[in-house]
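Q: Below is the file data28.txt, with compact mmCIF, C-alpha atoms.
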# COMPACT_ATOMS: atom_id res chain seq x y z
CA MET A 1 3.50 7.72 -37.39
CA ALA A 2 4.27 9.72 -34.25
CA PRO A 3 6.13 7.89 -31.47
CA PRO A 4 4.01 6.87 -28.46
CA SER A 5 3.92 9.22 -25.50
CA GLU A 6 2.97 8.75 -21.87
CA GLU A 7 -0.61 9.60 -22.86
CA THR A 8 -0.74 6.85 -25.51
CA PRO A 9 -3.08 4.02 -24.39
CA LEU A 10 -1.28 0.73 -23.79
CA ILE A 11 -4.35 -1.23 -24.92
CA PRO A 12 -7.51 -0.43 -26.90
CA GLN A 13 -10.23 1.33 -24.94
CA ARG A 14 -12.91 -0.82 -23.30
CA SER A 15 -15.81 -0.04 -21.03
CA CYS A 16 -15.22 0.40 -17.33
CA SER A 17 -17.10 2.04 -14.49
CA LEU A 18 -15.87 3.29 -11.12
CA SER A 19 -18.51 1.43 -9.16
CA SER A 20 -21.12 -1.22 -9.65
CA SER A 21 -23.22 -3.40 -7.39
CA GLU A 22 -24.73 -5.69 -10.02
CA ALA A 23 -24.04 -9.42 -10.15
CA GLY A 24 -21.83 -10.78 -12.90
CA ALA A 25 -19.01 -8.26 -12.58
CA LEU A 26 -15.30 -8.10 -11.94
CA HIS A 27 -14.23 -5.55 -9.31
CA VAL A 28 -10.70 -4.17 -8.91
CA LEU A 29 -10.08 -2.43 -5.57
CA LEU A 30 -7.60 0.41 -5.24
CA PRO A 31 -6.04 1.33 -1.86
CA PRO A 32 -8.22 3.90 -0.04
CA ARG A 33 -6.75 7.40 -0.25
CA GLY A 34 -8.92 8.79 2.55
CA PRO A 35 -11.83 7.95 4.85
CA GLY A 36 -14.47 5.67 3.45
CA PRO A 37 -14.36 2.51 1.34
CA PRO A 38 -11.65 1.96 -1.29
CA GLN A 39 -12.22 3.07 -4.86
CA ARG A 40 -13.54 0.25 -7.01
CA LEU A 41 -13.31 -0.30 -10.76
CA SER A 42 -16.01 -2.57 -12.17
CA PHE A 43 -15.91 -4.51 -15.43
CA SER A 44 -18.87 -6.15 -17.12
CA TYR A 45 -19.34 -9.48 -18.86
CA GLY A 46 -16.67 -10.93 -21.11
CA ASP A 47 -12.99 -11.78 -21.00
CA HIS A 48 -10.47 -9.35 -19.53
CA SER A 49 -6.72 -9.83 -19.33
CA ALA A 50 -4.82 -8.92 -16.18
CA GLU A 51 -2.75 -6.50 -18.28
CA GLU A 52 -5.89 -4.68 -19.41
CA LEU A 53 -7.22 -4.40 -15.86
CA CYS A 54 -3.88 -3.08 -14.60
CA VAL A 55 -3.88 -0.40 -17.29
CA TRP A 56 -7.34 0.77 -16.25
CA ALA A 57 -6.30 0.79 -12.59
CA ALA A 58 -3.09 2.67 -13.42
CA LYS A 59 -5.04 5.36 -15.27
CA ALA A 60 -7.47 5.71 -12.35
CA SER A 61 -4.53 6.04 -9.92
CA GLY A 62 -2.43 8.39 -12.07
CA ILE A 63 0.38 5.83 -12.50
CA LEU A 64 2.65 6.55 -15.46
CA PRO A 65 3.51 3.76 -17.95
CA VAL A 66 7.14 3.75 -16.80
CA TYR A 67 5.97 2.38 -13.42
CA HIS A 68 3.23 0.18 -14.85
CA SER A 69 5.24 -3.06 -14.58
CA LEU A 70 5.71 -2.60 -10.82
CA PHE A 71 2.00 -3.25 -10.18
CA ALA A 72 -0.01 -6.45 -10.30
CA LEU A 73 -3.39 -7.93 -9.43
CA ALA A 74 -4.00 -10.29 -6.54
CA THR A 75 -6.83 -11.88 -4.62
CA GLU A 76 -8.07 -9.97 -1.58
CA ASP A 77 -6.09 -12.13 0.84
CA LEU A 78 -2.94 -11.82 -1.34
CA SER A 79 -2.69 -15.61 -1.55
CA CYS A 80 -2.56 -15.55 -5.36
CA TRP A 81 -0.98 -13.07 -7.79
CA PHE A 82 -1.94 -13.03 -11.46
CA PRO A 83 0.49 -12.66 -14.39
CA PRO A 84 -0.30 -10.05 -17.09
CA SER A 85 -1.39 -12.81 -19.50
CA HIS A 86 -4.04 -14.22 -17.16
CA ILE A 87 -7.58 -14.02 -18.55
CA PHE A 88 -10.54 -13.36 -16.26
CA SER A 89 -13.90 -14.52 -17.58
CA VAL A 90 -16.90 -12.67 -16.17
CA GLU A 91 -20.10 -14.68 -16.30
CA ASP A 92 -23.71 -13.76 -15.59
CA SER A 93 -23.82 -15.13 -12.04
CA SER A 94 -20.23 -14.70 -10.87
CA THR A 95 -18.60 -11.80 -9.07
CA GLN A 96 -14.84 -11.58 -8.67
CA VAL A 97 -12.92 -9.14 -6.47
CA LEU A 98 -9.23 -8.32 -7.04
CA VAL A 99 -6.84 -5.81 -5.52
CA TYR A 100 -4.42 -3.63 -7.48
CA ARG A 101 -1.15 -3.35 -5.59
CA LEU A 102 2.42 -2.27 -6.01
CA ARG A 103 4.23 -5.60 -5.89
CA PHE A 104 7.75 -4.94 -7.21
CA TYR A 105 10.02 -2.12 -6.12
CA PHE A 106 13.58 -1.58 -4.99
CA PRO A 107 14.25 -3.10 -1.56
CA ASN A 108 15.42 -0.50 0.92
CA TRP A 109 14.71 2.15 -1.76
CA PHE A 110 15.16 4.95 0.76
CA GLY A 111 18.84 3.95 1.08
CA LEU A 112 19.46 3.86 4.83
CA GLU A 113 21.32 0.56 4.62
CA LYS A 114 22.97 -1.40 1.80
CA CYS A 115 22.03 -0.32 -1.72
CA HIS A 116 20.20 -2.60 -4.16
CA ARG A 117 20.09 -0.27 -7.16
CA PHE A 118 23.10 0.24 -9.45
CA GLY A 119 23.54 3.41 -11.48
CA LEU A 120 25.94 6.16 -12.42
CA ARG A 121 26.51 8.87 -9.88
CA LYS A 122 24.75 12.15 -10.55
CA ASP A 123 25.23 15.64 -9.21
CA LEU A 124 21.51 15.96 -8.46
CA ALA A 125 19.56 13.34 -6.57
CA SER A 126 16.56 11.85 -8.37
CA ALA A 127 13.63 10.05 -6.80
CA VAL A 128 13.20 6.33 -7.43
CA LEU A 129 9.40 6.60 -7.20
CA ASP A 130 7.31 9.51 -8.43
CA LEU A 131 4.57 11.10 -6.33
CA PRO A 132 1.55 9.08 -7.57
CA VAL A 133 3.46 5.83 -6.91
CA LEU A 134 4.53 7.12 -3.50
CA GLU A 135 0.92 8.00 -2.65
CA HIS A 136 -0.25 4.56 -3.80
CA LEU A 137 2.45 2.80 -1.77
CA PHE A 138 1.58 4.87 1.30
CA ALA A 139 -2.14 4.11 0.96
CA GLN A 140 -1.33 0.43 0.47
CA HIS A 141 0.94 0.23 3.53
CA ARG A 142 -1.40 2.28 5.72
CA ASN A 143 -4.40 0.16 4.79
CA ASP A 144 -2.45 -3.02 5.56
CA LEU A 145 -1.59 -1.67 9.02
CA VAL A 146 -4.95 -0.27 10.14
CA SER A 147 -6.96 -3.17 8.68
CA GLY A 148 -4.91 -5.79 10.51
CA ARG A 149 -3.55 -7.41 7.35
CA LEU A 150 -0.05 -6.57 8.56
CA SER A 151 0.68 -8.54 11.71
CA VAL A 152 2.37 -6.37 14.34
CA GLY A 153 3.42 -7.51 17.81
CA LEU A 154 2.38 -5.85 21.04
CA SER A 155 5.74 -5.44 22.76
CA LEU A 156 6.47 -2.03 24.27
CA LYS A 157 8.87 -1.24 21.42
CA GLU A 158 6.31 -2.13 18.76
CA GLN A 159 3.61 -0.18 20.56
CA GLY A 160 5.87 2.88 20.52
CA GLU A 161 6.62 2.41 16.80
CA CYS A 162 2.92 2.15 15.98
CA LEU A 163 2.14 5.29 17.98
CA SER A 164 4.92 7.11 16.08
CA LEU A 165 3.34 5.99 12.81
CA ALA A 166 -0.02 7.28 14.04
CA VAL A 167 1.54 10.68 14.75
CA LEU A 168 2.96 10.83 11.20
CA ASP A 169 -0.43 9.81 9.80
CA LEU A 170 -2.22 12.50 11.81
CA ALA A 171 0.33 15.10 10.70
CA ARG A 172 -0.31 14.09 7.10
CA MET A 173 -4.07 14.48 7.61
CA ALA A 174 -3.55 17.91 9.15
CA ARG A 175 -1.49 18.99 6.11
CA GLU A 176 -4.10 17.72 3.67
CA GLN A 177 -7.04 19.29 5.53
CA VAL A 178 -5.14 22.50 6.37
CA GLN A 179 -5.98 22.19 10.05
CA GLN A 180 -4.14 22.79 13.27
CA PRO A 181 -3.40 19.60 15.27
CA GLU A 182 -5.70 20.63 18.13
CA GLU A 183 -8.61 21.21 15.75
CA MET A 184 -8.15 17.91 13.95
CA LEU A 185 -7.86 15.86 17.15
CA LYS A 186 -11.35 17.06 18.12
CA THR A 187 -12.82 15.06 15.23
CA VAL A 188 -10.20 12.35 14.54
CA SER A 189 -8.98 9.86 17.13
CA TYR A 190 -5.37 8.72 16.98
CA LYS A 191 -6.64 5.15 17.45
CA VAL A 192 -8.01 5.04 13.88
CA CYS A 193 -4.36 5.11 12.73
CA LEU A 194 -3.39 2.04 14.79
CA PRO A 195 -3.64 -1.70 14.04
CA PRO A 196 -6.76 -3.37 15.49
CA ASP A 197 -4.93 -5.38 18.17
CA LEU A 198 -3.26 -2.27 19.57
CA ARG A 199 -6.56 -0.36 19.47
CA ASP A 200 -8.20 -3.08 21.53
CA LEU A 201 -5.28 -3.14 23.97
CA ILE A 202 -5.41 0.62 24.55
CA GLN A 203 -9.19 0.56 24.88
CA GLY A 204 -8.82 -1.91 27.74
CA LEU A 205 -6.42 0.30 29.70
CA SER A 206 -7.45 2.54 32.56
CA PHE A 207 -8.79 6.03 31.92
CA VAL A 208 -5.66 7.63 33.38
CA THR A 209 -3.35 5.60 31.11
CA ARG A 210 -5.42 6.37 28.02
CA LYS A 211 -5.40 10.06 28.88
CA ARG A 212 -1.62 9.98 29.28
CA ILE A 213 -1.24 8.33 25.85
CA ARG A 214 -3.50 10.96 24.26
CA ARG A 215 -1.43 13.72 25.83
CA THR A 216 1.80 12.13 24.55
CA VAL A 217 0.38 11.82 21.03
CA ARG A 218 -0.80 15.45 21.10
CA ARG A 219 2.64 16.71 22.13
CA ALA A 220 4.40 14.59 19.50
CA LEU A 221 1.97 15.74 16.81
CA ARG A 222 2.60 19.36 17.74
CA ARG A 223 6.36 18.84 17.35
CA VAL A 224 6.02 17.07 13.99
CA THR A 225 3.71 19.69 12.48
CA ALA A 226 6.10 22.41 13.64
CA CYS A 227 8.75 20.95 11.30
CA GLN A 228 6.77 22.21 8.26
CA ALA A 229 7.31 18.95 6.36
CA ASP A 230 5.01 18.56 3.35
CA ARG A 231 2.54 15.70 2.99
CA HIS A 232 4.75 13.66 0.66
CA SER A 233 7.70 13.87 3.04
CA LEU A 234 5.43 12.62 5.82
CA MET A 235 4.26 9.77 3.59
CA ALA A 236 7.85 8.78 2.79
CA LYS A 237 8.79 8.85 6.47
CA TYR A 238 5.74 6.70 7.29
CA ILE A 239 6.71 4.11 4.67
CA MET A 240 10.33 4.01 5.82
CA ASP A 241 9.40 3.53 9.47
CA LEU A 242 6.83 0.85 8.65
CA GLU A 243 9.29 -1.09 6.51
CA ARG A 244 11.85 -0.98 9.32
CA LEU A 245 9.16 -2.24 11.71
CA ASP A 246 8.47 -5.25 9.46
CA PRO A 247 11.38 -5.81 7.00
CA ALA A 248 9.95 -9.16 5.88
CA ARG A 249 6.85 -7.56 4.33
CA ALA A 250 8.77 -6.88 1.10
CA VAL A 251 9.92 -10.52 0.81
CA GLU A 252 7.96 -13.22 -1.00
CA THR A 253 8.55 -16.93 -0.44
CA PHE A 254 7.88 -19.58 -3.09
CA PRO A 255 7.96 -23.40 -2.70
CA VAL A 256 10.43 -24.96 -5.16
CA ASN A 257 11.90 -28.37 -5.99
CA LEU A 258 15.65 -28.77 -5.41
CA PRO A 259 17.22 -31.16 -7.97
CA GLY A 260 20.03 -33.55 -7.13
CA ALA A 261 18.82 -34.64 -3.71
CA ALA A 262 19.69 -38.05 -2.28
CA GLY A 263 17.55 -40.89 -3.59
CA GLY A 264 17.09 -39.32 -7.01
CA GLU A 265 14.02 -37.34 -5.99
CA ASP A 266 13.76 -33.58 -5.89
CA ALA A 267 13.75 -32.13 -2.41
CA LYS A 268 11.32 -29.46 -1.33
CA GLY A 269 12.67 -26.01 -0.60
CA LEU A 270 11.73 -22.36 -0.30
CA LEU A 271 12.89 -19.54 -2.54
CA ARG A 272 12.90 -16.05 -1.02
Turn the structure described in the file into structure tokens.

A:
Amino acid sequence: MAPPSEETPLIPQRSCSLSSSEAGALHVLLPPRGPGPPQRLSFSYGDHSAEELCVWAAKASGILPVYHSLFALATEDLSCWFPPSHIFSVEDSSTQVLVYRLRFYFPNWFGLEKCHRFGLRKDLASAVLDLPVLEHLFAQHRNDLVSGRLSVGLSLKEQGECLSLAVLDLARMAREQVQQPEEMLKTVSYKVCLPPDLRDLIQGLSFVTRKRIRRTVRRALRRVTACQADRHSLMAKYIMDLERLDPARAVETFPVNLPGAAGGEDAKGLLR
């Protein structure tokens, strides 16, 4: 028997479609990779394990098996994550919606501060995440920002950071669409790359102030695109800057019981 390869299915094949609007279905949403709604995998009646659904989502996203364990399924509001052994039962009249997200990865993986990954030194640097995972993480982070799921303040510093992220996002779009910045800005507004609260704030400013911001964004975009960075480098820079803007987004907090408290009862605590 030949050893399994990266193309070997992790589970037996089962039916799945990329979209469905019928009742009695289970939908798994993938982060949107471009304009328009997110890609959706739909599963029909029966029982489906979380592991099976993650495998289908990984294949649709181009995620290799070596990175498969970094991803998980959650509810749309991210209030509940499901273990691989969880079984979803799809009934005739029920519709469930889940999101497929990268949940586990190395904190500070880009290595600007203290290191969390131990390994032998090598002469050649090797990436922690491959390109499909990087693209998925970028799409996930970007969607969190522009949809308002990620809460960002409106101080002057945070406004500047968000505008810098918008410039990187626009530069990435220009690379993907092979367009000059001036051409792309005729059809794409920089405000679509901003969180909703900041969009509303800018929209309420005077015409002169909004024009000054547009001019600043245009000049910054021209400088970034002149650097000739490829789209994946721009994605990595976007992720790094966003994680510095909100370091707590990679931290999960769980309520726990602390044994040995006074009175013989377990005390309540939080595990980060």

Q: With a distance cut-off of 10 Å and all atoms listed in the file, select the neighbouring residues of stretch 218-228 of chain A, excluding the residue or stretch itself and same-chain residues fewer than 5 positions from it, and output the selection as a list in words.

A: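 Once the adjacent positions are removed, what remains is Leu163, Ser164, Ala166, Val167, Leu168, Asp169, Leu170, Ala171, Arg172, Ala174, Arg175, Gln180, Pro181, Glu182, Leu185, Tyr190, Arg212, Ile213, Ser233 and Leu234 of chain A.
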
Q: Please report the interatomic distance between atom CA of A:Ala60 and atom CA of A:Leu102 in Å with one decimal.

A: 14.2 Å

Q: Identify the residues around (-2.8, -0.6, -2.2) within a radius of 9 Å, measuring from all atoms listed in the file in the coordinates stated by the file, and give them as a list in words.

A: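 Residues found, by chain and rising number: Leu29, Leu30, Pro31, Pro32, Val99, Tyr100, Arg101, Leu102, His136, Leu137, Phe138, Ala139, Gln140, His141, Arg142, Asn143 and Asp144 of chain A.
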
Q: Distance atom CA of A:Val55-atom CA of A:Ser69, one decimal place?

A: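 Between atom CA of A:Val55 and atom CA of A:Ser69 the gap works out to 9.9 Å.
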
Q: Between A:Val178, A:Val97, A:Met184, A:Leu154, which residue has the minimum interatomic distance to A:Leu198, considering only C-alpha atoms?

A: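 Once distances to A:Leu198 are computed over only C-alpha atoms, the minimum belongs to A:Leu154.
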
Q: In file coordinates, which residues lie within 12 Å of (-7.1, 0.5, 24.5) using only C-alpha atoms, given as a list in words?

A: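 The residues near that point, listed by chain and number, are Leu154, Gln159, Tyr190, Lys191, Val192, Leu194, Pro195, Pro196, Asp197, Leu198, Arg199, Asp200, Leu201, Ile202, Gln203, Gly204, Leu205, Ser206, Phe207, Val208, Thr209, Arg210, Lys211, Arg212, Ile213 and Arg214 of chain A.
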
Q: Using only C-alpha atoms, find the one residue out of A:Ala236, A:Leu64, A:Leu245, A:Leu98 that sits nearest to A:Leu150.

A: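 For A:Leu150, the nearest of the candidates is A:Leu245.
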
Q: Could you give me, as a list in words, the residues within 9 Å of A:Glu135, counting all atoms listed in the file and dropping anything in the same chain fewer than 6 positions from it?

A: Arg33, His232, Met235 and Ala236 of chain A

Q: If I only want stretch 186-198 of chain A, can you write it with N, CA and C atoms, as a PDB file, in the first residue's frame?

A:
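Everything below was put into selection.pdb:
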ATOM      1  N   LYS A 186     -10.366  55.580  -9.705  1.00  0.00           N
ATOM      2  CA  LYS A 186     -11.540  56.100 -10.404  1.00  0.00           C
ATOM      3  C   LYS A 186     -12.765  55.215 -10.184  1.00  0.00           C
ATOM      4  N   THR A 187     -12.527  53.946  -9.854  1.00  0.00           N
ATOM      5  CA  THR A 187     -13.636  53.003  -9.687  1.00  0.00           C
ATOM      6  C   THR A 187     -13.747  52.451  -8.267  1.00  0.00           C
ATOM      7  N   VAL A 188     -12.691  52.578  -7.468  1.00  0.00           N
ATOM      8  CA  VAL A 188     -12.682  52.031  -6.105  1.00  0.00           C
ATOM      9  C   VAL A 188     -12.391  53.157  -5.122  1.00  0.00           C
ATOM     10  N   SER A 189     -13.251  53.330  -4.143  1.00  0.00           N
ATOM     11  CA  SER A 189     -13.034  54.343  -3.112  1.00  0.00           C
ATOM     12  C   SER A 189     -12.198  53.756  -1.982  1.00  0.00           C
ATOM     13  N   TYR A 190     -11.308  54.557  -1.446  1.00  0.00           N
ATOM     14  CA  TYR A 190     -10.484  54.084  -0.332  1.00  0.00           C
ATOM     15  C   TYR A 190     -11.337  53.774   0.894  1.00  0.00           C
ATOM     16  N   LYS A 191     -12.541  54.353   0.960  1.00  0.00           N
ATOM     17  CA  LYS A 191     -13.393  54.149   2.140  1.00  0.00           C
ATOM     18  C   LYS A 191     -13.937  52.731   2.238  1.00  0.00           C
ATOM     19  N   VAL A 192     -13.952  51.968   1.132  1.00  0.00           N
ATOM     20  CA  VAL A 192     -14.414  50.582   1.219  1.00  0.00           C
ATOM     21  C   VAL A 192     -13.404  49.716   1.960  1.00  0.00           C
ATOM     22  N   CYS A 193     -12.203  50.219   2.185  1.00  0.00           N
ATOM     23  CA  CYS A 193     -11.157  49.476   2.894  1.00  0.00           C
ATOM     24  C   CYS A 193     -11.082  49.865   4.364  1.00  0.00           C
ATOM     25  N   LEU A 194     -12.013  50.685   4.832  1.00  0.00           N
ATOM     26  CA  LEU A 194     -11.984  51.185   6.202  1.00  0.00           C
ATOM     27  C   LEU A 194     -13.091  50.540   7.031  1.00  0.00           C
ATOM     28  N   PRO A 195     -12.931  50.511   8.366  1.00  0.00           N
ATOM     29  CA  PRO A 195     -14.024  50.031   9.223  1.00  0.00           C
ATOM     30  C   PRO A 195     -15.222  50.962   9.145  1.00  0.00           C
ATOM     31  N   PRO A 196     -16.431  50.455   9.393  1.00  0.00           N
ATOM     32  CA  PRO A 196     -17.648  51.266   9.212  1.00  0.00           C
ATOM     33  C   PRO A 196     -17.659  52.556  10.023  1.00  0.00           C
ATOM     34  N   ASP A 197     -17.202  52.512  11.279  1.00  0.00           N
ATOM     35  CA  ASP A 197     -17.234  53.718  12.115  1.00  0.00           C
ATOM     36  C   ASP A 197     -16.361  54.825  11.535  1.00  0.00           C
ATOM     37  N   LEU A 198     -15.207  54.455  11.005  1.00  0.00           N
ATOM     38  CA  LEU A 198     -14.327  55.465  10.414  1.00  0.00           C
ATOM     39  C   LEU A 198     -14.893  55.974   9.094  1.00  0.00           C
TER      40      LEU A 198
END
